[in-house]
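J.: Next comes coords-v5.cif, mmCIF, C-alpha atoms:
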data_entry
loop_
_atom_site.group_PDB
_atom_site.id
_atom_site.type_symbol
_atom_site.label_atom_id
_atom_site.label_comp_id
_atom_site.auth_asym_id
_atom_site.auth_seq_id
_atom_site.Cartn_x
_atom_site.Cartn_y
_atom_site.Cartn_z
ATOM 1 C CA MET S 8 -38.734 57.089 -54.768
ATOM 2 C CA THR S 9 -35.365 55.441 -55.335
ATOM 3 C CA GLY S 10 -32.366 55.135 -53.064
ATOM 4 C CA THR S 11 -30.618 57.912 -54.985
ATOM 5 C CA GLU S 12 -33.359 60.494 -54.445
ATOM 6 C CA ARG S 13 -32.983 63.206 -51.873
ATOM 7 C CA PHE S 14 -35.390 64.556 -49.295
ATOM 8 C CA ILE S 15 -36.100 68.264 -48.881
ATOM 9 C CA LEU S 16 -35.068 69.237 -45.356
ATOM 10 C CA ILE S 17 -36.335 72.801 -44.768
ATOM 11 C CA GLY S 18 -34.660 73.990 -47.918
ATOM 12 C CA CYS S 19 -31.631 71.751 -47.389
ATOM 13 C CA LEU S 20 -30.714 68.569 -49.172
ATOM 14 C CA LEU S 21 -30.377 65.271 -47.291
ATOM 15 C CA GLN S 22 -29.648 61.938 -48.929
ATOM 16 C CA ALA S 23 -32.219 59.134 -48.469
ATOM 17 C CA SER S 24 -29.585 57.302 -46.434
ATOM 18 C CA PRO S 25 -27.819 59.822 -44.191
ATOM 19 C CA PRO S 26 -24.073 59.337 -43.742
ATOM 20 C CA LYS S 27 -23.012 57.444 -40.664
ATOM 21 C CA PRO S 28 -21.911 59.594 -37.750
ATOM 22 C CA LYS S 29 -18.191 59.635 -37.037
ATOM 23 C CA LEU S 30 -17.343 57.951 -33.710
ATOM 24 C CA THR S 31 -13.853 58.293 -32.226
ATOM 25 C CA ALA S 32 -12.125 57.375 -28.980
ATOM 26 C CA GLU S 33 -8.813 58.439 -27.522
ATOM 27 C CA LYS S 34 -8.126 54.763 -26.738
ATOM 28 C CA LEU S 35 -10.050 51.571 -27.399
ATOM 29 C CA GLU S 36 -8.172 49.713 -24.640
ATOM 30 C CA VAL S 37 -8.213 51.312 -21.203
ATOM 31 C CA MET S 38 -7.539 50.423 -17.587
ATOM 32 C CA GLU S 39 -10.435 50.046 -15.190
ATOM 33 C CA GLY S 40 -10.930 53.207 -13.156
ATOM 34 C CA THR S 41 -9.575 55.557 -15.828
ATOM 35 C CA SER S 42 -11.601 58.236 -17.609
ATOM 36 C CA VAL S 43 -12.901 57.438 -21.105
ATOM 37 C CA SER S 44 -13.971 60.088 -23.591
ATOM 38 C CA LEU S 45 -15.896 59.207 -26.782
ATOM 39 C CA SER S 46 -16.731 61.757 -29.464
ATOM 40 C CA CYS S 47 -19.491 61.441 -32.051
ATOM 41 C CA SER S 48 -20.189 63.897 -34.872
ATOM 42 C CA ALA S 49 -22.901 63.974 -37.542
ATOM 43 C CA ALA S 50 -23.334 66.218 -40.556
ATOM 44 C CA ALA S 51 -25.812 69.069 -40.143
ATOM 45 C CA PRO S 52 -26.871 70.094 -43.682
ATOM 46 C CA CYS S 53 -29.610 72.312 -42.295
ATOM 47 C CA PRO S 54 -28.720 74.347 -39.179
ATOM 48 C CA LYS S 55 -32.418 75.098 -38.602
ATOM 49 C CA LEU S 56 -33.175 71.436 -37.950
ATOM 50 C CA LEU S 57 -30.153 69.772 -36.382
ATOM 51 C CA PRO S 58 -29.723 66.000 -36.059
ATOM 52 C CA ASN S 59 -30.304 64.567 -32.594
ATOM 53 C CA LEU S 60 -27.427 62.424 -31.250
ATOM 54 C CA THR S 61 -28.064 59.735 -28.647
ATOM 55 C CA TRP S 62 -25.838 57.139 -26.976
ATOM 56 C CA THR S 63 -26.617 53.504 -26.240
ATOM 57 C CA PRO S 64 -26.130 52.545 -23.502
ATOM 58 C CA LYS S 65 -26.360 55.910 -21.779
ATOM 59 C CA LEU S 66 -23.317 55.674 -19.525
ATOM 60 C CA SER S 67 -23.448 59.328 -18.437
ATOM 61 C CA ASP S 68 -24.731 62.729 -19.551
ATOM 62 C CA SER S 69 -23.226 63.914 -22.840
ATOM 63 C CA VAL S 70 -22.253 67.400 -24.012
ATOM 64 C CA ASP S 71 -23.576 68.424 -27.454
ATOM 65 C CA GLN S 72 -22.616 71.383 -29.608
ATOM 66 C CA LEU S 73 -22.853 72.714 -33.163
ATOM 67 C CA GLN S 74 -19.527 73.269 -34.868
ATOM 68 C CA GLU S 75 -18.336 74.581 -38.243
ATOM 69 C CA ASN S 76 -15.858 72.490 -40.189
ATOM 70 C CA GLU S 77 -12.901 73.695 -42.250
ATOM 71 C CA ASP S 78 -14.874 73.201 -45.491
ATOM 72 C CA GLN S 79 -17.584 75.580 -44.208
ATOM 73 C CA THR S 80 -20.046 72.709 -43.564
ATOM 74 C CA LYS S 81 -21.608 72.271 -40.168
ATOM 75 C CA SER S 82 -21.935 69.263 -37.885
ATOM 76 C CA VAL S 83 -23.278 68.383 -34.474
ATOM 77 C CA SER S 84 -20.899 66.755 -32.029
ATOM 78 C CA SER S 85 -21.559 64.904 -28.784
ATOM 79 C CA VAL S 86 -18.934 63.975 -26.195
ATOM 80 C CA LEU S 87 -19.567 61.140 -23.742
ATOM 81 C CA THR S 88 -17.240 60.900 -20.727
ATOM 82 C CA PHE S 89 -17.370 58.132 -18.121
ATOM 83 C CA THR S 90 -15.165 56.060 -15.808
ATOM 84 C CA ALA S 91 -14.222 52.665 -17.215
ATOM 85 C CA SER S 92 -15.529 49.628 -15.335
ATOM 86 C CA HIS S 93 -15.022 45.902 -15.886
ATOM 87 C CA LEU S 94 -18.727 45.869 -16.788
ATOM 88 C CA HIS S 95 -17.891 47.918 -19.906
ATOM 89 C CA HIS S 96 -15.430 45.345 -21.261
ATOM 90 C CA GLY S 97 -16.625 43.953 -24.594
ATOM 91 C CA GLN S 98 -19.666 46.233 -24.541
ATOM 92 C CA LYS S 99 -20.838 47.748 -27.823
ATOM 93 C CA ILE S 100 -21.338 51.502 -27.555
ATOM 94 C CA THR S 101 -23.479 53.088 -30.261
ATOM 95 C CA CYS S 102 -23.940 56.703 -31.390
ATOM 96 C CA ARG S 103 -27.235 57.271 -33.228
ATOM 97 C CA ALA S 104 -28.027 60.303 -35.383
ATOM 98 C CA LEU S 105 -31.712 61.049 -35.998
ATOM 99 C CA TYR S 106 -32.816 63.441 -38.751
ATOM 100 C CA LYS S 107 -36.381 64.771 -38.881
ATOM 101 C CA LEU S 108 -37.544 65.530 -42.419
ATOM 102 C CA GLN S 109 -39.892 68.177 -43.732
ATOM 103 C CA GLN S 110 -42.510 65.682 -44.946
ATOM 104 C CA GLY S 111 -44.715 64.989 -41.898
ATOM 105 C CA ASP S 112 -43.205 62.730 -39.268
ATOM 106 C CA ILE S 113 -40.677 61.059 -41.555
ATOM 107 C CA GLN S 114 -37.390 60.381 -39.789
ATOM 108 C CA LYS S 115 -34.075 58.955 -40.896
ATOM 109 C CA THR S 116 -31.427 57.471 -38.636
ATOM 110 C CA SER S 117 -27.844 56.360 -38.972
ATOM 111 C CA ASN S 118 -25.690 54.504 -36.412
ATOM 112 C CA THR S 119 -22.021 53.918 -35.696
ATOM 113 C CA SER S 120 -20.685 51.573 -32.973
ATOM 114 C CA LEU S 121 -17.416 50.611 -31.332
ATOM 115 C CA THR S 122 -16.425 48.022 -28.742
ATOM 116 C CA LEU S 123 -14.401 49.014 -25.692
ATOM 117 C CA ARG S 124 -11.714 46.809 -24.174
ATOM 118 C CA VAL S 125 -11.198 47.297 -20.443
ATOM 119 C CA LEU S 126 -8.244 45.824 -18.553
ATOM 120 C CA TYR S 127 -9.077 44.869 -14.959
ATOM 121 C CA PRO S 128 -7.595 42.708 -12.161
ATOM 122 C CA PRO S 129 -9.126 39.414 -10.925
ATOM 123 C CA LYS S 130 -12.678 39.699 -9.581
ATOM 124 C CA TYR S 131 -15.336 37.348 -8.218
ATOM 125 C CA THR S 132 -12.710 34.798 -7.173
ATOM 126 C CA SER S 133 -14.297 31.585 -5.900
ATOM 127 C CA VAL S 134 -13.319 28.005 -5.077
ATOM 128 C CA SER S 135 -15.314 24.873 -5.821
ATOM 129 C CA VAL S 136 -14.644 21.423 -4.378
ATOM 130 C CA SER S 137 -15.121 18.014 -5.950
ATOM 131 C CA PRO S 138 -16.519 15.799 -4.638
ATOM 132 C CA SER S 139 -18.719 18.028 -2.494
ATOM 133 C CA GLY S 140 -19.948 17.044 0.948
ATOM 134 C CA SER S 141 -18.291 14.618 3.360
ATOM 135 C CA VAL S 142 -15.348 12.491 2.173
ATOM 136 C CA LEU S 143 -13.532 9.521 3.665
ATOM 137 C CA GLU S 144 -10.007 9.757 4.989
ATOM 138 C CA GLY S 145 -7.574 8.901 2.204
ATOM 139 C CA SER S 146 -9.935 10.096 -0.552
ATOM 140 C CA SER S 147 -8.761 12.464 -3.285
ATOM 141 C CA VAL S 148 -10.234 15.971 -3.327
ATOM 142 C CA THR S 149 -9.909 18.577 -6.097
ATOM 143 C CA LEU S 150 -10.192 22.307 -5.425
ATOM 144 C CA THR S 151 -10.785 24.543 -8.452
ATOM 145 C CA CYS S 152 -10.199 28.290 -8.381
ATOM 146 C CA SER S 153 -12.154 30.563 -10.726
ATOM 147 C CA SER S 154 -11.691 34.273 -11.299
ATOM 148 C CA ASN S 155 -12.807 36.885 -13.826
ATOM 149 C CA ALA S 156 -10.079 39.168 -15.195
ATOM 150 C CA ASN S 157 -8.823 40.808 -18.393
ATOM 151 C CA PRO S 158 -6.364 39.671 -19.503
ATOM 152 C CA PRO S 159 -7.401 36.228 -18.205
ATOM 153 C CA VAL S 160 -5.718 34.949 -15.043
ATOM 154 C CA GLN S 161 -2.539 33.017 -15.867
ATOM 155 C CA ASN S 162 -1.185 32.143 -12.428
ATOM 156 C CA TYR S 163 -2.960 30.680 -9.399
ATOM 157 C CA THR S 164 -1.270 30.143 -6.022
ATOM 158 C CA TRP S 165 -2.721 28.042 -3.190
ATOM 159 C CA TYR S 166 -1.929 28.686 0.462
ATOM 160 C CA LYS S 167 -2.557 26.766 3.648
ATOM 161 C CA VAL S 168 -3.397 29.062 6.548
ATOM 162 C CA ASN S 169 -2.849 27.974 10.128
ATOM 163 C CA GLY S 170 -3.369 30.825 12.538
ATOM 164 C CA ARG S 171 -1.012 33.576 11.382
ATOM 165 C CA ASP S 172 1.112 31.209 9.302
ATOM 166 C CA MET S 173 0.492 31.035 5.538
ATOM 167 C CA ASN S 174 2.390 28.470 3.479
ATOM 168 C CA THR S 175 2.312 27.862 -0.277
ATOM 169 C CA VAL S 176 0.951 24.387 -1.077
ATOM 170 C CA GLY S 177 0.427 24.515 -4.848
ATOM 171 C CA ASN S 178 0.138 26.421 -8.112
ATOM 172 C CA GLY S 179 -2.319 26.224 -10.982
ATOM 173 C CA LYS S 180 -6.062 26.453 -11.393
ATOM 174 C CA ASN S 181 -6.633 23.082 -9.652
ATOM 175 C CA LEU S 182 -5.259 21.729 -6.371
ATOM 176 C CA VAL S 183 -5.518 17.975 -5.789
ATOM 177 C CA PHE S 184 -4.766 16.408 -2.399
ATOM 178 C CA SER S 185 -5.633 13.401 -0.269
ATOM 179 C CA VAL S 186 -7.726 13.892 2.844
ATOM 180 C CA THR S 187 -5.803 12.922 5.972
ATOM 181 C CA GLU S 188 -6.283 13.386 9.678
ATOM 182 C CA SER S 189 -4.066 16.459 9.405
ATOM 183 C CA SER S 190 -6.568 18.144 7.096
ATOM 184 C CA GLY S 191 -8.505 20.904 8.788
ATOM 185 C CA ASN S 192 -11.823 20.146 10.426
ATOM 186 C CA MET S 193 -14.064 21.701 13.029
ATOM 187 C CA PRO S 194 -14.198 20.225 16.556
ATOM 188 C CA GLN S 195 -16.051 16.991 17.187
ATOM 189 C CA ILE S 196 -16.950 16.185 20.781
ATOM 190 C CA SER S 197 -16.839 12.543 21.812
ATOM 191 C CA ASP S 198 -20.026 10.821 22.980
ATOM 192 C CA SER S 199 -18.100 9.591 26.017
ATOM 193 C CA GLY S 200 -18.647 12.842 27.913
ATOM 194 C CA SER S 201 -20.320 12.259 31.287
ATOM 195 C CA CYS S 202 -20.866 13.546 34.804
ATOM 196 C CA SER S 203 -20.793 11.869 38.218
ATOM 197 C CA ARG S 204 -21.584 13.169 41.686
ATOM 198 C CA THR S 205 -20.811 12.526 45.295
ATOM 199 C CA ALA S 206 -22.393 14.029 48.358
ATOM 200 C CA ALA S 207 -20.243 17.153 48.010
ATOM 201 C CA GLU S 208 -18.969 17.338 44.417
ATOM 202 C CA ILE S 209 -19.980 17.030 40.773
ATOM 203 C CA SER S 210 -17.285 15.836 38.335
ATOM 204 C CA CYS S 211 -17.639 15.999 34.529
ATOM 205 C CA SER S 212 -15.304 15.195 31.652
ATOM 206 C CA CYS S 213 -15.451 16.032 27.947
ATOM 207 C CA GLU S 214 -13.197 15.144 24.976
ATOM 208 C CA SER S 215 -12.907 16.936 21.634
ATOM 209 C CA ARG S 216 -10.822 16.555 18.473
ATOM 210 C CA GLY S 217 -10.306 18.991 15.630
ATOM 211 C CA ASN S 218 -7.689 20.583 13.402
ATOM 212 C CA PRO S 219 -6.462 23.096 14.381
ATOM 213 C CA SER S 220 -6.484 21.677 17.903
ATOM 214 C CA PRO S 221 -9.594 23.028 19.679
ATOM 215 C CA SER S 222 -9.989 24.928 22.900
ATOM 216 C CA MET S 223 -12.661 23.991 25.438
ATOM 217 C CA GLU S 224 -14.766 25.749 28.027
ATOM 218 C CA TRP S 225 -17.550 24.876 30.444
ATOM 219 C CA ARG S 226 -20.809 26.662 31.061
ATOM 220 C CA VAL S 227 -23.029 26.094 34.075
ATOM 221 C CA SER S 228 -26.628 27.265 33.764
ATOM 222 C CA GLY S 229 -25.522 29.392 30.781
ATOM 223 C CA LEU S 230 -22.589 31.106 32.552
ATOM 224 C CA ARG S 231 -18.945 30.504 31.624
ATOM 225 C CA VAL S 232 -16.934 28.698 34.288
ATOM 226 C CA THR S 233 -13.521 29.967 35.413
ATOM 227 C CA ASN S 234 -11.118 28.319 37.827
ATOM 228 C CA SER S 235 -11.904 29.102 41.449
ATOM 229 C CA THR S 236 -11.890 27.500 44.869
ATOM 230 C CA ASP S 237 -15.266 25.872 44.258
ATOM 231 C CA ARG S 238 -14.790 25.106 40.545
ATOM 232 C CA VAL S 239 -11.611 23.505 39.191
ATOM 233 C CA ILE S 240 -10.921 22.910 35.471
ATOM 234 C CA SER S 241 -8.090 20.671 34.299
ATOM 235 C CA GLU S 242 -7.067 19.840 30.720
ATOM 236 C CA GLU S 243 -5.089 17.063 29.053
ATOM 237 C CA GLN S 244 -3.747 17.261 25.488
ATOM 238 C CA LEU S 245 -4.635 14.204 23.370
ATOM 239 C CA GLY S 246 -2.036 14.152 20.604
ATOM 240 C CA ASN S 247 -1.908 17.075 18.182
ATOM 241 C CA THR S 248 -5.627 17.373 17.552
ATOM 242 C CA GLY S 249 -7.391 16.353 20.759
ATOM 243 C CA LEU S 250 -8.154 17.789 24.184
ATOM 244 C CA ARG S 251 -9.793 16.381 27.313
ATOM 245 C CA SER S 252 -11.281 18.816 29.824
ATOM 246 C CA SER S 253 -12.482 17.932 33.334
ATOM 247 C CA LEU S 254 -14.590 20.017 35.670
ATOM 248 C CA THR S 255 -14.962 19.438 39.407
ATOM 249 C CA MET S 256 -17.214 21.662 41.453
ATOM 250 C CA ARG S 257 -18.822 21.735 44.854
ATOM 251 C CA HIS S 258 -22.595 21.779 45.036
ATOM 252 C CA SER S 259 -25.397 22.193 47.473
ATOM 253 C CA GLN S 260 -27.618 19.326 48.510
ATOM 254 C CA GLY S 261 -30.259 18.750 45.848
ATOM 255 C CA ASP S 262 -28.593 21.157 43.394
ATOM 256 C CA THR S 263 -28.761 19.831 39.791
ATOM 257 C CA PRO S 264 -27.245 22.449 37.454
ATOM 258 C CA THR S 265 -27.250 22.334 33.639
ATOM 259 C CA LEU S 266 -23.758 21.818 32.190
ATOM 260 C CA LEU S 267 -22.527 22.522 28.663
ATOM 261 C CA CYS S 268 -19.146 21.521 27.222
ATOM 262 C CA LEU S 269 -18.164 23.874 24.366
ATOM 263 C CA SER S 270 -15.288 23.211 21.925
ATOM 264 C CA THR S 271 -13.996 25.779 19.395
ATOM 265 C CA ASN S 272 -11.304 26.208 16.745
ATOM 266 C CA THR S 273 -10.887 28.515 13.741
ATOM 267 C CA LEU S 274 -13.199 26.342 11.606
ATOM 268 C CA GLY S 275 -16.198 26.242 13.920
ATOM 269 C CA SER S 276 -17.680 25.150 17.228
ATOM 270 C CA SER S 277 -19.639 22.266 18.704
ATOM 271 C CA SER S 278 -21.226 21.678 22.089
ATOM 272 C CA LEU S 279 -22.320 18.811 24.290
ATOM 273 C CA ARG S 280 -25.013 19.199 26.937
ATOM 274 C CA LEU S 281 -24.417 16.925 29.905
ATOM 275 C CA LEU S 282 -27.041 15.595 32.284
ATOM 276 C CA VAL S 283 -26.005 15.828 35.922
ATOM 277 C CA PRO S 284 -27.303 12.819 37.899
ATOM 278 C CA SER S 285 -29.800 13.380 40.676
ATOM 279 C CA PRO S 286 -28.713 12.815 44.283
ATOM 280 C CA GLN S 287 -30.037 9.218 44.049
ATOM 281 C CA GLN S 288 -27.847 8.510 40.972
ATOM 282 C CA HIS S 289 -24.094 8.393 40.453
ATOM 283 C CA TRP S 290 -23.576 8.906 36.702
ATOM 284 C CA GLY S 291 -25.161 11.074 34.063
ATOM 285 C CA LYS S 292 -24.807 10.996 30.310
ATOM 286 C CA ARG S 293 -25.161 13.514 27.513
ATOM 287 C CA VAL S 294 -28.525 14.780 26.355
ATOM 288 C CA HIS S 295 -27.666 15.939 22.824
ATOM 289 C CA VAL S 296 -24.961 17.504 20.679
ATOM 290 C CA SER S 297 -25.506 20.781 18.870
ATOM 291 C CA LEU S 298 -23.354 22.745 16.405
ATOM 292 C CA LEU S 299 -23.025 26.443 17.076
#
Can you give me the file's structure in the form of structure tokens?

T.:
Amino acid sequence: MTGTERFILIGCLLQASPPKPKLTAEKLEVMEGTSVSLSCSAAAPCPKLLPNLTWTPKLSDSVDQLQENEDQTKSVSSVLTFTASHLHHGQKITCRALYKLQQGDIQKTSNTSLTLRVLYPPKYTSVSVSPSGSVLEGSSVTLTCSSNANPPVQNYTWYKVNGRDMNTVGNGKNLVFSVTESSGNMPQISDSGSCSRTAAEISCSCESRGNPSPSMEWRVSGLRVTNSTDRVISEEQLGNTGLRSSLTMRHSQGDTPTLLCLSTNTLGSSSLRLLVPSPQQHWGKRVHVSLL
């Protein structure tokens, strides 16, 4: 059998290579979130055994129908309607027509494809830093912004956020700056924190530095301390990024509470557990530092 021979299709003639189905779209470039309608039609030389139309990928259910053309021939059409997503951008969509022939299980197929272009705003925006990890003061750091969009992102703007204030600090995909003391960092509590006691009082002090400037609080046996007659908290600002907090409280004879100094800013928290000296001692030092 040659390529020019025809198969008998229930009394109808079908070429050995069926014609490709006709695939049309209202638009090949659409905005994300809009409705897309694709139409596929294939010749139906024998109405008693219609071609089967399928879509790849199957983005939604399709609507199929038999229609008569102006030249009195018939065709099967299938309409696929779906909502455009950024995941559809650059995706090949194929309409496949399958003809079953009279001779046994012989089948013939023909395909037509198109590629959809979807316009969508920036997604999956992320920032990477080089070098990663800890850096020394005065070192150069590069921040790189990446984002997926169509058309590709052309403009990048960098902001520095301090509380409710947001200031522009650069433009472009990369931001390069030198690390200084004014760069943001979470609180770090000094190892100099300590407690002392007299017959009637326990006095503790704790220092912390961070940017933005941290706040501090005390906890005794797990409970937050507030100023009262028996417990007095005083604070001293240490420049723009430091704070010293002191706690003085009355205690009962033999009472040895557990004290925790907690420091917090918008970037994180750290804590220092202080050991209160026993009645036979005068000074106590820290036990350990933990990050919360």

J.: I'd like the contact shell of S:Asn59 - 9 Å cut-off, all atoms listed in the file, skipping same-chain residues fewer than 3 positions apart - returned as JSON, numbers by chain.

T.: {"S": [49, 83, 103, 104, 105, 106, 107]}

J.: Kindly extract all protein, DNA and RNA residues lying within 12 Å of the coordinates (-18.4, 71.7, -41.4) given in the file, considering all atoms listed in the file, and supply them as number ranges by chain.

T.: S: 48-54, 73-84

J.: Would you write out those residues with C-alpha atoms, as a CSV table (one decimal), keeping the file's coordinate frame?

T.:
chain,number,residue,atom,x,y,z
S,48,SER,CA,-20.2,63.9,-34.9
S,49,ALA,CA,-22.9,64.0,-37.5
S,50,ALA,CA,-23.3,66.2,-40.6
S,51,ALA,CA,-25.8,69.1,-40.1
S,52,PRO,CA,-26.9,70.1,-43.7
S,53,CYS,CA,-29.6,72.3,-42.3
S,54,PRO,CA,-28.7,74.3,-39.2
S,73,LEU,CA,-22.9,72.7,-33.2
S,74,GLN,CA,-19.5,73.3,-34.9
S,75,GLU,CA,-18.3,74.6,-38.2
S,76,ASN,CA,-15.9,72.5,-40.2
S,77,GLU,CA,-12.9,73.7,-42.2
S,78,ASP,CA,-14.9,73.2,-45.5
S,79,GLN,CA,-17.6,75.6,-44.2
S,80,THR,CA,-20.0,72.7,-43.6
S,81,LYS,CA,-21.6,72.3,-40.2
S,82,SER,CA,-21.9,69.3,-37.9
S,83,VAL,CA,-23.3,68.4,-34.5
S,84,SER,CA,-20.9,66.8,-32.0

J.: For this structure, which residues satisfy the selection - the PyMOL selection byres ((chain S and resi 30) around 7) - when it is evaluated on the file as given? I want them as a ChimeraX atom specification.

T.: /S:28-29,31,46-48,119

J.: Could you check the closest approach to S:Phe89 for each of S:Thr248, S:Ser277, S:Thr236, S:Ser69 and tell me which residue wins, using all atoms listed in the file?

T.: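 Closest candidate: S:Ser69.
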
J.: Starting from the PyMOL selection byres ((chain S and resi 263-272) around 6), expand the selection into actual residues of this file and give them as number ranges by chain.

T.: S: 221-228, 262, 273-281

J.: Let me make sure I understand: among S:Leu56, S:His258, S:Val176, S:Gly249, which one has the smallest atom-to-atom distance to S:Gln114 if we use only C-alpha atoms?

T.: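 Among S:Leu56, S:His258, S:Val176, S:Gly249, it is S:Leu56 that comes nearest to S:Gln114.
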
J.: Mind giving me the straight-line distance from atom CA of S:Thr132 to atom CA of S:Ile100 in Å, one decimal?

T.: 27.7 Å

J.: Got a sec: who's within 10 Å of S:Pro138, counting only C-alpha atoms, leaving out chain neighbours fewer than 3 positions off, as a list in words?

T.: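 Neighbouring residues, sequence-local ones excluded: Ser135, Ser141, Val142, Ser146, Ser147, Val148, Thr149 and Leu150 of chain S.
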
J.: Rounded to one decimal, what separation in Å do you get between atom CA of S:Ser197 and atom CA of S:Ser215?

T.: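 Spanning atom CA of S:Ser197 to atom CA of S:Ser215 is a straight-line distance of 5.9 Å.
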
J.: How many Å separate atom CA of S:Ser44 from atom CA of S:His93?

T.: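 We find that atom CA of S:Ser44 and atom CA of S:His93 lie 16.2 Å from each other.
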
J.: Find the residue from S:Leu94, S:Leu182, S:Val86, S:Val283 that sits nearest to S:Ser203; use only C-alpha atoms when measuring.

T.: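 Comparing S:Leu94, S:Leu182, S:Val86, S:Val283 against S:Ser203, the winner is S:Val283.
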
J.: Check which residues satisfy the PyMOL selection byres ((chain S and resi 163) around 9) in the file shown, then give them as a list in words.

T.: Cys152, Val160, Gln161, Asn162, Thr164, Trp165, Gly177, Asn178, Gly179, Lys180 and Asn181 of chain S

J.: Which is closest to S:Val136 among S:Ala156, S:Val183, S:Met256, S:Leu123, if we use all atoms listed in the file?

T.: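 Checking each of S:Ala156, S:Val183, S:Met256, S:Leu123 against S:Val136, counting all atoms listed in the file, the winner is S:Val183.
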
J.: Hey, which of S:Ser67, S:Val134, S:Glu242, S:Glu144 ends up closest to S:Val186? Count only C-alpha atoms.

T.: S:Glu144

J.: Taking the point (-27.3, 51.0, -35.5) as given in the file, collect each protein or nucleic acid residue that comes within 9 Å of it, counting all atoms listed in the file, and present the set as a PyMOL selection string.

T.: chain S and resi 101-103+116-120

J.: Using all atoms listed in the file, which protein or nucleic acid residues come within 12 Å of S:Thr88? Drop anything in the same chain fewer than 3 positions from it, and give the result as a tab-separated table (two decimals) with C-alpha atoms, in the coordinates of the input.

T.:
chain	number	residue	atom	x	y	z
S	32	ALA	CA	-12.12	57.38	-28.98
S	33	GLU	CA	-8.81	58.44	-27.52
S	41	THR	CA	-9.57	55.56	-15.83
S	42	SER	CA	-11.60	58.24	-17.61
S	43	VAL	CA	-12.90	57.44	-21.10
S	44	SER	CA	-13.97	60.09	-23.59
S	45	LEU	CA	-15.90	59.21	-26.78
S	46	SER	CA	-16.73	61.76	-29.46
S	47	CYS	CA	-19.49	61.44	-32.05
S	62	TRP	CA	-25.84	57.14	-26.98
S	65	LYS	CA	-26.36	55.91	-21.78
S	66	LEU	CA	-23.32	55.67	-19.52
S	67	SER	CA	-23.45	59.33	-18.44
S	68	ASP	CA	-24.73	62.73	-19.55
S	69	SER	CA	-23.23	63.91	-22.84
S	70	VAL	CA	-22.25	67.40	-24.01
S	71	ASP	CA	-23.58	68.42	-27.45
S	85	SER	CA	-21.56	64.90	-28.78
S	91	ALA	CA	-14.22	52.66	-17.22

J.: For S:Thr233, which residue out of S:Ser212, S:Ser139, S:Asn192, S:Thr255 is the nearest one, using only C-alpha atoms?

T.: S:Thr255

J.: List as a list in words the protein and nucleic acid residues near S:Val125, meaning an atom at most 6 Å away when all atoms listed in the file are counted, but skip any in the same chain fewer than 6 places from it.

T.: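 So the residues in contact are Glu36, Val37, Met38, Glu39 and His96 of chain S.
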
J.: Quick one: stretch 77-112 of chain S with C-alpha atoms, as a PDB file, in the first residue's frame?

T.:
ATOM      1  CA  GLU S  77     -20.665  25.669   3.718  1.00  0.00           C
ATOM      2  CA  ASP S  78     -19.403  23.179   1.102  1.00  0.00           C
ATOM      3  CA  GLN S  79     -21.768  20.511   2.495  1.00  0.00           C
ATOM      4  CA  THR S  80     -18.893  18.567   4.131  1.00  0.00           C
ATOM      5  CA  LYS S  81     -19.000  17.750   7.803  1.00  0.00           C
ATOM      6  CA  SER S  82     -16.473  18.218  10.590  1.00  0.00           C
ATOM      7  CA  VAL S  83     -16.169  17.669  14.308  1.00  0.00           C
ATOM      8  CA  SER S  84     -15.233  20.645  16.440  1.00  0.00           C
ATOM      9  CA  SER S  85     -13.999  20.842  20.023  1.00  0.00           C
ATOM     10  CA  VAL S  86     -13.795  24.005  22.121  1.00  0.00           C
ATOM     11  CA  LEU S  87     -11.447  24.188  25.106  1.00  0.00           C
ATOM     12  CA  THR S  88     -11.975  27.064  27.557  1.00  0.00           C
ATOM     13  CA  PHE S  89      -9.762  27.759  30.572  1.00  0.00           C
ATOM     14  CA  THR S  90      -8.353  30.593  32.691  1.00  0.00           C
ATOM     15  CA  ALA S  91      -4.834  31.632  31.728  1.00  0.00           C
ATOM     16  CA  SER S  92      -2.126  31.071  34.339  1.00  0.00           C
ATOM     17  CA  HIS S  93       1.585  31.889  34.348  1.00  0.00           C
ATOM     18  CA  LEU S  94       2.079  28.109  34.267  1.00  0.00           C
ATOM     19  CA  HIS S  95       0.614  28.086  30.736  1.00  0.00           C
ATOM     20  CA  HIS S  96       3.202  30.520  29.360  1.00  0.00           C
ATOM     21  CA  GLY S  97       5.300  28.873  26.647  1.00  0.00           C
ATOM     22  CA  GLN S  98       3.295  25.658  26.943  1.00  0.00           C
ATOM     23  CA  LYS S  99       2.539  23.709  23.770  1.00  0.00           C
ATOM     24  CA  ILE S 100      -1.146  22.840  23.482  1.00  0.00           C
ATOM     25  CA  THR S 101      -2.008  20.049  21.055  1.00  0.00           C
ATOM     26  CA  CYS S 102      -5.290  18.965  19.439  1.00  0.00           C
ATOM     27  CA  ARG S 103      -5.234  15.335  18.267  1.00  0.00           C
ATOM     28  CA  ALA S 104      -7.721  13.797  15.835  1.00  0.00           C
ATOM     29  CA  LEU S 105      -8.046  10.002  15.890  1.00  0.00           C
ATOM     30  CA  TYR S 106      -9.768   8.120  13.060  1.00  0.00           C
ATOM     31  CA  LYS S 107     -10.767   4.468  13.455  1.00  0.00           C
ATOM     32  CA  LEU S 108     -10.735   2.565  10.165  1.00  0.00           C
ATOM     33  CA  GLN S 109     -12.888  -0.281   8.938  1.00  0.00           C
ATOM     34  CA  GLN S 110     -10.010  -2.779   8.755  1.00  0.00           C
ATOM     35  CA  GLY S 111      -9.751  -4.260  12.271  1.00  0.00           C
ATOM     36  CA  ASP S 112      -8.167  -2.021  14.875  1.00  0.00           C
TER      37      ASP S 112
END
